[in-house]
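Source file: target.cif. Holds: mmCIF, C-alpha atoms.
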data_my_file
loop_
_atom_site.label_atom_id
_atom_site.label_comp_id
_atom_site.auth_asym_id
_atom_site.auth_seq_id
_atom_site.Cartn_x
_atom_site.Cartn_y
_atom_site.Cartn_z
CA MET A 1 119.05 114.57 109.02
CA ASP A 2 120.38 111.34 107.52
CA VAL A 3 119.54 110.17 104.03
CA ALA A 4 116.98 107.57 105.11
CA THR A 5 115.04 110.10 107.15
CA SER A 6 115.13 112.53 104.29
CA SER A 7 113.69 110.05 101.84
CA VAL A 8 111.01 108.88 104.27
CA ARG A 9 110.07 112.48 104.86
CA GLN A 10 110.03 113.16 101.14
CA GLY A 11 107.55 110.33 100.57
CA TYR A 12 105.14 111.93 103.02
CA VAL A 13 105.54 115.42 101.57
CA LEU A 14 104.91 114.10 98.05
CA GLY A 15 101.60 112.61 99.17
CA LEU A 16 100.47 116.01 100.42
CA ALA A 17 101.86 117.80 97.36
CA ASP A 18 100.35 115.45 94.78
CA ASP A 19 96.89 115.55 96.37
CA ALA A 20 96.98 119.34 95.99
CA LEU A 21 98.50 119.34 92.50
CA VAL A 22 96.10 116.83 90.98
CA ALA A 23 93.06 118.40 92.68
CA ALA A 24 94.17 121.78 91.28
CA GLN A 25 94.37 120.29 87.78
CA ARG A 26 90.79 119.00 88.00
CA MET A 27 89.59 122.36 89.36
CA GLY A 28 91.18 124.16 86.43
CA GLU A 29 89.08 122.11 84.02
CA TRP A 30 85.97 123.96 85.23
CA ILE A 31 87.19 127.34 84.05
CA ALA A 32 84.81 128.31 81.23
CA ALA A 33 82.81 125.11 81.80
CA SER A 34 81.02 125.96 85.08
CA PRO A 35 77.24 126.46 85.33
CA GLN A 36 77.74 130.20 85.90
CA ILE A 37 80.55 132.69 85.44
CA GLU A 38 81.00 133.26 89.19
CA GLU A 39 81.82 129.55 89.48
CA ASP A 40 84.42 129.77 86.71
CA VAL A 41 86.09 132.38 88.89
CA ALA A 42 85.50 130.52 92.14
CA LEU A 43 86.87 127.18 90.98
CA GLY A 44 89.75 128.92 89.21
CA ASN A 45 90.64 130.61 92.51
CA ILE A 46 90.29 127.41 94.50
CA GLY A 47 92.52 125.65 91.98
CA LEU A 48 95.05 128.45 92.31
CA ASP A 49 95.16 128.10 96.10
CA LEU A 50 95.68 124.35 95.75
CA LEU A 51 98.35 124.87 93.13
CA GLY A 52 100.13 127.32 95.43
CA GLN A 53 100.09 124.75 98.23
CA ALA A 54 101.37 122.11 95.79
CA ARG A 55 104.21 124.37 94.67
CA SER A 56 105.45 125.00 98.21
CA LEU A 57 105.23 121.30 99.02
CA LEU A 58 106.88 120.13 95.79
CA THR A 59 109.71 122.62 96.22
CA TYR A 60 110.25 121.27 99.71
CA ALA A 61 110.04 117.62 98.57
CA GLY A 62 112.61 118.31 95.86
CA SER A 63 114.98 119.89 98.39
CA LEU A 64 115.04 116.68 100.42
CA GLU A 65 117.15 114.78 97.90
CA THR A 66 120.57 115.12 96.34
CA PRO A 67 120.86 116.46 93.74
CA VAL A 68 117.94 118.75 94.45
CA ARG A 69 114.95 118.61 92.10
CA THR A 70 112.77 121.65 91.43
CA GLU A 71 108.98 121.86 91.69
CA ASP A 72 108.83 121.68 87.88
CA ASP A 73 111.06 118.58 87.76
CA LEU A 74 108.65 116.86 90.11
CA ALA A 75 105.42 118.08 88.50
CA TYR A 76 106.37 117.51 84.88
CA TRP A 77 108.98 114.76 84.82
CA ARG A 78 107.71 112.09 87.14
CA ASP A 79 105.74 109.20 85.64
CA GLU A 80 102.39 107.93 86.84
CA HIS A 81 103.74 105.34 89.29
CA GLU A 82 105.80 108.04 91.02
CA PHE A 83 102.75 110.13 91.95
CA ARG A 84 101.51 109.65 95.50
CA ASN A 85 98.05 111.23 95.39
CA VAL A 86 94.87 109.48 96.51
CA HIS A 87 92.34 108.26 93.94
CA LEU A 88 89.70 110.73 95.16
CA VAL A 89 91.38 113.67 93.40
CA GLU A 90 92.35 112.09 90.09
CA ARG A 91 89.06 110.86 88.63
CA PRO A 92 87.14 113.07 86.16
CA THR A 93 84.42 115.41 87.39
CA ALA A 94 81.96 115.54 84.52
CA ASP A 95 79.01 116.65 86.65
CA TYR A 96 79.17 119.84 88.68
CA ALA A 97 77.58 118.03 91.61
CA VAL A 98 80.52 115.60 91.56
CA ALA A 99 82.97 118.50 91.66
CA MET A 100 81.18 119.94 94.70
CA ALA A 101 80.83 116.59 96.49
CA ARG A 102 84.53 115.99 96.00
CA LEU A 103 85.50 119.49 97.08
CA LEU A 104 83.45 119.09 100.24
CA VAL A 105 85.13 115.76 101.05
CA LEU A 106 88.62 116.98 100.20
CA SER A 107 88.44 120.35 101.94
CA THR A 108 86.79 118.92 105.07
CA TYR A 109 89.65 116.41 105.28
CA LEU A 110 92.29 119.07 104.54
CA CYS A 111 90.88 121.46 107.18
CA GLU A 112 91.37 118.80 109.84
CA LEU A 113 94.75 117.71 108.47
CA TYR A 114 96.30 121.16 108.14
CA ALA A 115 94.95 122.27 111.52
CA LEU A 116 97.05 119.53 113.14
CA LEU A 117 99.97 119.80 110.74
CA ARG A 118 100.48 123.38 111.97
CA SER A 119 102.09 121.74 115.02
CA SER A 120 104.38 119.48 112.99
CA THR A 121 107.98 119.31 114.22
CA ASP A 122 108.91 119.93 110.59
CA GLY A 123 109.04 123.73 110.35
CA THR A 124 108.37 123.88 106.61
CA LEU A 125 105.31 121.66 106.81
CA ALA A 126 104.03 123.65 109.78
CA ALA A 127 104.40 126.91 107.83
CA VAL A 128 102.67 125.57 104.70
CA ALA A 129 99.85 124.18 106.84
CA ALA A 130 99.34 127.44 108.76
CA LYS A 131 98.93 129.26 105.48
CA ALA A 132 96.82 126.60 103.76
CA VAL A 133 94.37 125.99 106.59
CA LYS A 134 92.74 129.38 106.07
CA GLU A 135 92.42 128.71 102.35
CA VAL A 136 90.88 125.24 102.58
CA ASP A 137 88.45 126.48 105.21
CA TYR A 138 87.16 128.98 102.65
CA HIS A 139 86.92 126.21 100.03
CA ARG A 140 84.93 124.09 102.45
CA ASP A 141 82.42 126.89 103.00
CA HIS A 142 81.98 127.22 99.27
CA ALA A 143 81.46 123.49 98.70
CA ALA A 144 79.07 123.24 101.66
CA MET A 145 76.99 126.10 100.26
CA TRP A 146 76.55 124.27 96.95
CA VAL A 147 75.88 120.89 98.52
CA LEU A 148 73.13 122.52 100.61
CA ARG A 149 71.71 124.35 97.66
CA LEU A 150 71.63 121.32 95.38
CA GLY A 151 70.74 118.75 98.04
CA ASP A 152 67.87 120.81 99.43
CA GLY A 153 66.84 122.15 96.00
CA THR A 154 64.69 120.55 93.33
CA ASP A 155 64.03 116.82 92.97
CA GLU A 156 66.50 116.70 90.09
CA SER A 157 69.26 118.59 91.91
CA HIS A 158 68.72 116.43 95.00
CA ARG A 159 68.94 113.25 92.94
CA ARG A 160 72.15 114.33 91.23
CA MET A 161 73.77 115.61 94.43
CA GLN A 162 73.08 112.30 96.16
CA ALA A 163 74.39 110.38 93.13
CA ALA A 164 77.53 112.52 93.19
CA LEU A 165 78.14 111.82 96.86
CA ASP A 166 77.61 108.11 96.26
CA SER A 167 80.20 108.22 93.46
CA GLU A 168 82.85 109.93 95.66
CA TRP A 169 82.25 108.04 98.88
CA PRO A 170 84.13 104.82 98.00
CA PHE A 171 87.29 106.97 97.82
CA VAL A 172 86.93 108.51 101.28
CA ASP A 173 88.58 105.70 103.22
CA GLU A 174 91.88 106.08 101.36
CA LEU A 175 92.29 109.58 102.81
CA PHE A 176 92.40 108.15 106.32
CA ASP A 177 94.64 105.17 105.61
CA SER A 178 97.83 105.41 107.64
CA SER A 179 99.28 102.04 106.60
CA TYR A 180 101.68 103.64 104.12
CA LEU A 181 103.18 105.96 106.72
CA ASN A 182 106.59 105.09 108.10
CA PRO A 183 106.19 104.96 111.93
CA VAL A 184 109.25 107.20 112.29
CA LEU A 185 107.24 110.07 110.82
CA LEU A 186 104.64 109.74 113.58
CA GLU A 187 107.14 109.12 116.38
CA THR A 188 109.08 112.24 115.48
CA GLY A 189 105.96 114.37 115.12
CA VAL A 190 106.60 115.17 111.44
CA ALA A 191 103.39 113.68 110.06
CA VAL A 192 99.79 113.72 111.19
CA ASP A 193 98.23 110.28 111.62
CA PRO A 194 95.22 110.53 109.28
CA THR A 195 93.21 107.98 111.28
CA VAL A 196 92.79 110.55 114.08
CA LEU A 197 91.06 112.94 111.66
CA ARG A 198 88.21 110.58 110.81
CA SER A 199 85.77 111.29 113.65
CA ALA A 200 85.91 115.07 113.14
CA PHE A 201 85.54 114.54 109.39
CA ASP A 202 82.49 112.29 109.83
CA ARG A 203 80.90 114.76 112.21
CA ARG A 204 81.38 117.77 109.95
CA MET A 205 80.21 115.88 106.86
CA ALA A 206 77.11 114.62 108.67
CA ASP A 207 76.24 118.18 109.73
CA VAL A 208 76.27 119.42 106.14
CA LEU A 209 74.57 116.37 104.64
CA THR A 210 71.78 116.34 107.21
CA GLU A 211 71.00 119.98 106.57
CA ALA A 212 71.11 119.29 102.83
CA THR A 213 68.57 116.43 103.26
CA LEU A 214 71.17 114.01 101.85
CA ALA A 215 72.08 110.57 103.16
CA VAL A 216 75.61 109.62 104.20
CA PRO A 217 76.39 106.94 101.60
CA SER A 218 77.01 103.38 102.67
CA THR A 219 79.04 102.37 99.62
CA ARG A 220 81.89 99.85 99.81
CA PRO A 221 85.38 101.36 99.88
CA ALA A 222 87.43 101.24 96.66
CA PRO A 223 90.80 99.45 96.88
CA GLY A 224 92.99 102.58 96.89
CA GLY A 225 96.73 102.37 96.33
CA GLY A 226 97.48 105.94 95.28
CA ARG A 227 100.03 106.43 98.07
CA SER A 228 102.04 103.53 96.62
CA GLY A 229 101.84 104.87 93.08
CA VAL A 230 98.99 102.66 91.87
CA HIS A 231 96.42 104.78 90.07
CA THR A 232 93.08 104.56 88.25
CA ASP A 233 92.66 104.71 84.48
CA ALA A 234 91.96 108.44 84.78
CA MET A 235 95.51 109.29 85.85
CA ALA A 236 97.33 108.79 82.53
CA PRO A 237 95.12 111.21 80.52
CA LEU A 238 95.31 113.73 83.38
CA LEU A 239 99.11 113.61 83.39
CA ALA A 240 99.23 113.80 79.59
CA GLU A 241 97.44 117.13 79.78
CA LEU A 242 99.39 118.37 82.81
CA GLN A 243 102.80 117.41 81.43
CA GLY A 244 102.32 117.58 77.65
CA VAL A 245 103.68 121.05 77.00
CA ALA A 246 106.67 120.71 79.32
CA ARG A 247 107.63 117.39 77.75
CA ALA A 248 107.14 118.56 74.15
CA HIS A 249 109.37 121.60 74.78
CA PRO A 250 111.91 120.65 77.47
CA GLY A 251 113.49 123.64 79.16
CA ALA A 252 111.26 126.17 77.37
CA THR A 253 110.80 129.51 79.12
CA TRP A 254 108.56 132.46 78.38
CA MET B 255 102.24 142.19 114.22
CA ARG B 256 103.27 144.87 111.78
CA THR B 257 106.35 145.43 109.76
CA SER B 258 108.31 148.56 110.47
CA PRO B 259 111.44 150.24 109.22
CA PRO B 260 114.63 149.06 110.89
CA SER B 261 115.82 150.49 114.18
CA ALA B 262 119.31 150.28 115.55
CA ALA B 263 120.19 146.78 116.76
CA PRO B 264 123.02 146.47 119.29
CA GLY B 265 126.33 146.46 117.48
CA THR B 266 124.93 147.94 114.27
CA ARG B 267 127.26 150.49 112.76
CA PRO B 268 125.66 153.79 111.74
CA VAL B 269 126.59 153.35 108.07
CA GLU B 270 124.79 149.99 107.93
CA LEU B 271 121.72 151.48 109.54
CA VAL B 272 121.63 154.30 107.01
CA GLU B 273 121.94 151.85 104.14
CA THR B 274 119.31 149.55 105.64
CA SER B 275 116.88 152.46 106.02
CA ARG B 276 117.53 153.52 102.45
CA ALA B 277 117.05 149.97 101.13
CA TRP B 278 113.85 149.60 103.16
CA ALA B 279 112.49 152.84 101.74
CA ILE B 280 113.19 151.70 98.18
CA ALA B 281 111.69 148.23 98.66
CA ALA B 282 108.71 149.68 100.52
CA GLY B 283 107.83 151.78 97.49
CA VAL B 284 107.30 148.80 95.18
CA LEU B 285 103.65 148.57 94.11
CA ASP B 286 101.45 145.49 94.13
CA PRO B 287 100.88 144.79 90.41
CA GLU B 288 97.32 143.56 91.03
CA VAL B 289 96.25 146.54 93.18
CA PRO B 290 98.61 149.22 91.89
CA VAL B 291 97.70 151.87 94.48
CA LEU B 292 99.08 149.77 97.31
CA THR B 293 102.75 149.41 98.07
CA ILE B 294 104.02 146.10 99.38
CA GLU B 295 104.54 147.90 102.70
CA ASP B 296 100.89 149.04 102.78
CA LEU B 297 99.84 145.48 102.07
CA GLY B 298 101.97 144.12 104.91
CA ILE B 299 103.82 141.57 102.80
CA LEU B 300 107.23 143.26 103.19
CA ARG B 301 108.65 141.49 106.24
CA SER B 302 112.27 142.61 106.48
CA VAL B 303 115.17 144.23 104.67
CA GLU B 304 118.73 143.43 105.68
CA VAL B 305 121.91 144.96 104.36
CA SER B 306 125.15 143.14 105.02
CA ASP B 307 128.35 145.19 105.32
CA GLU B 308 130.11 143.48 102.41
CA SER B 309 129.41 144.41 98.77
CA PRO B 310 126.74 145.53 100.14
CA ALA B 311 124.26 142.69 99.69
CA VAL B 312 120.56 143.30 100.35
CA THR B 313 118.16 140.57 101.40
CA VAL B 314 114.48 141.42 101.18
CA THR B 315 111.98 139.06 102.79
CA ILE B 316 108.37 139.01 101.60
CA THR B 317 105.41 136.73 102.29
CA PRO B 318 102.54 135.86 99.93
CA THR B 319 98.95 136.89 100.64
CA TYR B 320 97.67 133.53 99.38
CA SER B 321 99.71 130.36 98.69
CA GLY B 322 99.02 130.62 94.96
CA CYS B 323 99.38 134.38 94.54
CA PRO B 324 100.69 134.71 90.96
CA ALA B 325 102.02 138.22 91.60
CA MET B 326 104.95 137.06 93.74
CA GLU B 327 107.36 136.61 90.84
CA ALA B 328 106.49 140.04 89.42
CA ILE B 329 106.93 141.62 92.85
CA ARG B 330 110.30 139.94 93.27
CA ASP B 331 111.47 141.28 89.89
CA ASP B 332 110.21 144.78 90.76
CA ILE B 333 112.08 144.74 94.09
CA VAL B 334 115.31 143.67 92.40
CA ALA B 335 114.89 146.34 89.71
CA ALA B 336 114.11 149.12 92.21
CA LEU B 337 117.07 148.30 94.46
CA THR B 338 119.41 147.92 91.50
CA ASP B 339 118.36 151.38 90.34
CA GLY B 340 119.07 152.57 93.88
CA GLY B 341 122.68 151.41 93.61
CA PHE B 342 122.44 148.02 95.28
CA ASP B 343 123.98 145.47 92.94
CA ASP B 344 123.59 142.33 94.99
CA VAL B 345 119.89 141.86 95.79
CA HIS B 346 118.22 138.71 97.08
CA VAL B 347 114.49 138.27 97.59
CA ARG B 348 113.41 135.59 100.01
CA PHE B 349 109.85 134.18 100.25
CA VAL B 350 108.66 133.07 103.67
CA LEU B 351 105.32 131.47 104.59
CA SER B 352 105.56 131.79 108.34
CA PRO B 353 104.08 133.61 110.12
CA ALA B 354 101.13 133.46 107.73
CA TRP B 355 100.01 136.81 106.33
CA THR B 356 96.79 138.32 107.61
CA THR B 357 94.88 141.38 106.39
CA ASP B 358 95.50 142.82 109.88
CA TRP B 359 98.98 143.66 108.58
CA MET B 360 97.52 146.06 106.02
CA SER B 361 98.27 149.61 107.14
CA ASP B 362 95.57 152.24 107.81
CA GLU B 363 97.11 154.20 104.97
CA GLY B 364 96.71 151.12 102.74
CA ARG B 365 93.06 150.75 103.74
CA ARG B 366 92.40 154.40 102.90
CA LYS B 367 94.09 154.10 99.50
CA LEU B 368 92.21 150.91 98.75
CA GLU B 369 88.84 152.53 99.45
CA GLU B 370 89.71 155.53 97.28
CA TYR B 371 90.64 153.09 94.51
CA GLY B 372 87.14 151.58 94.71
CA VAL B 373 87.91 148.41 96.67
CA ALA B 374 86.25 147.95 100.06
CA PRO B 375 89.06 147.34 102.58
CA PRO B 376 89.20 144.21 104.75
CA GLY B 377 87.77 144.13 108.27
CA ARG B 378 89.97 143.70 111.32
CA THR B 379 90.42 140.52 113.26
CA ASP B 380 92.83 142.04 115.78
CA ARG B 381 90.54 144.70 117.29
CA PRO B 382 87.13 144.67 118.97
CA VAL B 383 84.31 144.34 116.44
CA SER B 384 83.52 147.67 114.87
CA LEU B 385 80.07 149.28 114.93
CA SER B 386 79.06 147.88 111.59
CA LEU B 387 79.76 144.33 110.49
CA SER B 388 78.68 145.08 106.94
CA VAL B 389 80.98 145.99 104.08
CA ARG B 390 80.53 149.64 103.10
CA CYS B 391 80.20 150.54 99.43
CA PRO B 392 83.42 152.33 98.39
CA GLN B 393 81.43 154.40 95.84
CA CYS B 394 78.61 155.87 97.94
CA GLY B 395 79.47 154.74 101.48
CA SER B 396 76.20 152.87 102.01
CA PRO B 397 76.31 149.89 104.38
CA ASP B 398 73.43 148.32 102.42
CA THR B 399 75.53 145.89 100.38
CA ARG B 400 75.54 142.18 99.64
CA GLU B 401 78.03 139.56 98.48
CA LEU B 402 77.55 138.46 94.88
CA SER B 403 80.34 135.93 94.80
CA ARG B 404 82.79 134.73 97.45
CA PHE B 405 85.52 134.77 94.83
CA GLY B 406 86.60 137.73 92.73
CA SER B 407 89.13 138.94 90.20
CA THR B 408 92.09 137.86 92.36
CA ALA B 409 92.56 135.39 95.21
CA CYS B 410 92.41 138.19 97.78
CA LYS B 411 89.06 139.69 96.72
CA SER B 412 85.35 138.84 96.67
CA LEU B 413 82.65 140.44 94.54
CA TRP B 414 79.93 142.62 96.12
CA VAL B 415 77.12 144.89 94.96
CA CYS B 416 75.67 147.99 96.60
CA SER B 417 71.89 148.00 97.04
CA SER B 418 71.82 151.82 97.30
CA CYS B 419 73.81 152.94 94.26
CA ARG B 420 73.58 149.56 92.46
CA GLU B 421 77.30 149.55 91.64
CA PRO B 422 79.24 146.29 91.88
CA PHE B 423 82.58 146.47 93.71
CA ASP B 424 85.47 144.35 94.94
CA HIS B 425 85.99 143.67 98.63
CA PHE B 426 89.42 142.74 99.95
CA LYS B 427 88.67 139.53 101.88
CA THR B 428 89.44 139.53 105.59
CA ILE B 429 91.76 136.68 106.57
#

Kindly return the structure encoded in the file as structure tokens.
Amino acid sequence: MDVATSSVRQGYVLGLADDALVAAQRMGEWIAASPQIEEDVALGNIGLDLLGQARSLLTYAGSLETPVRTEDDLAYWRDEHEFRNVHLVERPTADYAVAMARLLVLSTYLCELYALLRSSTDGTLAAVAAKAVKEVDYHRDHAAMWVLRLGDGTDESHRRMQAALDSEWPFVDELFDSSYLNPVLLETGVAVDPTVLRSAFDRRMADVLTEATLAVPSTRPAPGGGRSGVHTDAMAPLLAELQGVARAHPGATW
Amino acid sequence: MRTSPPSAAPGTRPVELVETSRAWAIAAGVLDPEVPVLTIEDLGILRSVEVSDESPAVTVTITPTYSGCPAMEAIRDDIVAALTDGGFDDVHVRFVLSPAWTTDWMSDEGRRKLEEYGVAPPGRTDRPVSLSLSVRCPQCGSPDTRELSRFGSTACKSLWVCSSCREPFDHFKTI
């Protein structure tokens, strides 16, 4: 593998890794803040799965450059513009309905993505995907259960679930944007073209939303830019919390 | 697919085989820190043990149950400590993700120990569906149980309650 290929590949892997890492960070915020104790545990576990996926992917991304960087180097010592995650995962989730709307969107997308990535010509990505696909499928079930319960619940829960979906929907298109992908990654079968995932995603979302008596939002897409390192205002405070301890005490161990 | 102790590969010298069997037995005895009645062999996460003829160096390969399983580092340290105590000075522990772990790799012995410990063992995905699809209460054996929460005290468990004896219990999730 020549250097150019390595760095192109690394860019793709970082996108996958950062989506998982940042989503895990937002999940962790619900521990001790969820509407019931079972949800503290559930979202803690979901965050842990996502963090595990992020760790495998970051370790791999770091191995694709010389000198090698570790997962911690990449998680704690990159600055905002070096993160490649989509905007969907980085914004705050103040309302529980928003957390569930987002989890449904993210895990439905990840189920489709990882299912195909299992056949990647990149053996490491294929292995991570084969492991992760079972986990995100479980997350999707959990999110779907809550979206059903809240959507088809009381007037108030229905109103807030619909509002939550409307708030997340502008960030859906960015997940399926393939314009940032180097064509070599697709030609060599390393990456999955996210545009091919859209129809299955729309179908599965519509199934859940219809049953939950919710409408598929028709909001305008947000500009995006996360894959190129352009982020929303929410990203800097998120990174400050994620990286604060590591940066205040470089090299600390316990 | 199940892990098993090493058998003689073509060209393997008897002394290597003896050492490999001994190293396997030591590694296989390491307990899962989160479910301390199960060994890593019972759990099916011990994938291979190789002893090279030099030094001798031991390479132990394990696979996580879930991507984020926080017990992996502790298990690695326990394997190194156990083998070092057993006289192997050069021990390497390798993590692999592929093939992805499934609860089908948990041994029958592991399932029995788990139930005795009070955790309902996982179902099987590699055999025809058993008579009862329900999870049996590990306390009283009743099949009249229900899921309280799809997530439990660790990534690999969900929380259930028995409608007969009213006791809550953990169920090792089937994946």

Proximity check chain B to chain A, 8 Å, nearest pairs one decimal Å, all atoms listed in the file, as CSV:
residue,atom,partner,partner_atom,distance
B:Tyr320,CA,A:Asp49,CA,6.8
B:Ser321,CA,A:Gly52,CA,4.5
B:Gly322,CA,A:Gly52,CA,3.5
B:Cys323,CA,A:Gly52,CA,7.2
B:Leu351,CA,A:Ala127,CA,5.7
B:Ser352,CA,A:Ala127,CA,5.0
B:Pro353,CA,A:Ala127,CA,7.1
B:Ala354,CA,A:Lys131,CA,5.2
B:Trp355,CA,A:Lys131,CA,7.7
B:Ser403,CA,A:Glu38,CA,6.2
B:Arg404,CA,A:Ala42,CA,7.3
B:Phe405,CA,A:Ala42,CA,5.0
B:Gly406,CA,A:Val41,CA,6.6
B:Ser407,CA,A:Val41,CA,7.3
B:Thr408,CA,A:Asn45,CA,7.4
B:Ala409,CA,A:Asn45,CA,5.8
B:Ile429,CA,A:Lys134,CA,7.4

Store the residues picked out above, limited to C-alpha atoms, as a compact mmCIF listing (two decimals), in the frame of the given file.
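Output file out.txt follows:
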# COMPACT_ATOMS: atom_id res chain seq x y z
CA TYR B 320 97.67 133.53 99.38
CA SER B 321 99.71 130.36 98.69
CA GLY B 322 99.02 130.62 94.96
CA CYS B 323 99.38 134.38 94.54
CA LEU B 351 105.32 131.47 104.59
CA SER B 352 105.56 131.79 108.34
CA PRO B 353 104.08 133.61 110.12
CA ALA B 354 101.13 133.46 107.73
CA TRP B 355 100.01 136.81 106.33
CA SER B 403 80.34 135.93 94.80
CA ARG B 404 82.79 134.73 97.45
CA PHE B 405 85.52 134.77 94.83
CA GLY B 406 86.60 137.73 92.73
CA SER B 407 89.13 138.94 90.20
CA THR B 408 92.09 137.86 92.36
CA ALA B 409 92.56 135.39 95.21
CA ILE B 429 91.76 136.68 106.57

Checklist entry - Written as a ChimeraX atom specification, which residues does the PyMOL selection byres ((chain B and resi 417) around 12) give for the file shown? => result /B:389-391,393-402,414-416,418-423

Item to check | Residues selected by the PyMOL selection byres ((chain A and resi 7-9) around 10), written as a PyMOL selection string | outcome: chain A and resi 2-6+10-14+61+64-65+122+181-185+190-191

Checklist entry - Using all atoms listed in the file, which residues sit within 8 Å of Arg26 (chain A) once same-chain residues fewer than 4 positions away are excluded, as an MDAnalysis selection string? => result chainID A and resid 22 30 47 89:90 92:93

Next on the checklist: I'd like the residues picked by the PyMOL selection byres ((chain A and resi 177) around 10) written out as a ChimeraX atom specification, using the chain letters and numbers from the file.
Outcome noted: /A:172-176,178-181,193-195,198,224-225,227

Restricted to C-alpha atoms, what would the selected residues look like written as a CSV table (one decimal), keeping the file's coordinate frame?
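Below you can see selection24.csv, which holds the result:
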chain,number,residue,atom,x,y,z
A,172,VAL,CA,86.9,108.5,101.3
A,173,ASP,CA,88.6,105.7,103.2
A,174,GLU,CA,91.9,106.1,101.4
A,175,LEU,CA,92.3,109.6,102.8
A,176,PHE,CA,92.4,108.2,106.3
A,178,SER,CA,97.8,105.4,107.6
A,179,SER,CA,99.3,102.0,106.6
A,180,TYR,CA,101.7,103.6,104.1
A,181,LEU,CA,103.2,106.0,106.7
A,193,ASP,CA,98.2,110.3,111.6
A,194,PRO,CA,95.2,110.5,109.3
A,195,THR,CA,93.2,108.0,111.3
A,198,ARG,CA,88.2,110.6,110.8
A,224,GLY,CA,93.0,102.6,96.9
A,225,GLY,CA,96.7,102.4,96.3
A,227,ARG,CA,100.0,106.4,98.1

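The point (105.1, 138.4, 95.4) has these residues within 10 Å of it, counting all atoms listed in the file: Asp286, Pro287, Ile294, Ile299, Leu300, Ile316, Thr317, Pro318, Thr319, Tyr320, Gly322, Cys323, Pro324, Ala325, Met326, Glu327, Ala328, Ile329, Arg330, Asp331, Asp332, Ile333, Val347, Arg348 and Phe349 of chain B.
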
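In this structure, CA of His425 (chain B) sits 9.8 Å away from CA of Gly377 (chain B).
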
Item to check | Neighbour list for Gly229 (chain A) as a list in words, cut-off 7 Å, all atoms listed in the file, skip fewer than 2 positions in-chain | outcome: Glu80, His81, Glu82, Phe83, Arg84, Gly225, Gly226, Arg227 and His231 of chain A

Keeping only C-alpha atoms, take the residues you just selected and write them out as an mmCIF file, keeping the file's coordinate frame.
data_model
loop_
_atom_site.group_PDB
_atom_site.id
_atom_site.type_symbol
_atom_site.label_atom_id
_atom_site.label_comp_id
_atom_site.auth_asym_id
_atom_site.auth_seq_id
_atom_site.Cartn_x
_atom_site.Cartn_y
_atom_site.Cartn_z
ATOM 1 C CA GLU A 80 102.390 107.930 86.840
ATOM 2 C CA HIS A 81 103.740 105.340 89.290
ATOM 3 C CA GLU A 82 105.800 108.040 91.020
ATOM 4 C CA PHE A 83 102.750 110.130 91.950
ATOM 5 C CA ARG A 84 101.510 109.650 95.500
ATOM 6 C CA GLY A 225 96.730 102.370 96.330
ATOM 7 C CA GLY A 226 97.480 105.940 95.280
ATOM 8 C CA ARG A 227 100.030 106.430 98.070
ATOM 9 C CA HIS A 231 96.420 104.780 90.070
#

Next on the checklist: For a quick check of your reading of the model, name the residues lying within 6 Å of the coordinate (96.4, 151.4, 97.3), counting all atoms listed in the file, and write them as a list in words.
Outcome noted: Val291, Leu292, Gly364, Lys367 and Leu368 of chain B

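Nearest to Glu241 (chain A) of all the residues A:Leu150, A:Ala200, A:Ala75, A:Ala32 is A:Ala75, based on all atoms listed in the file.
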
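The spacing separating CA of Leu113 (chain A) from CA of Ala215 (chain A) amounts to 24.4 Å.
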
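Between Thr356 (chain B) and the candidates B:Gly298, B:Pro392, B:Gly283, B:Gly372, the tightest atom-to-atom separation, counting only C-alpha atoms, involves B:Gly298.
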
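CA of Ala143 (chain A) sits 25.9 Å away from CA of Pro223 (chain A).
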
Item to check | Selected residue of minimal separation from Pro170 (chain A) among A:Met235, A:Leu106, A:Leu88, A:Leu74, counting only C-alpha atoms | outcome: A:Leu88

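Closest approach to Leu117 (chain A) among A:Gly28, A:Gly189, A:Pro237, A:Pro35 is made by A:Gly189 (distances from all atoms listed in the file).
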
Checklist entry - Smallest atom-to-atom distance to Ala212 (chain A): which of A:Leu103, A:Cys111, A:Ala17, A:Ala144, using only C-alpha atoms? => result A:Ala144

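Closest approach to Gly151 (chain A) among A:Ala163, A:Leu125, A:Leu21, A:Val68: A:Ala163, based on all atoms listed in the file.
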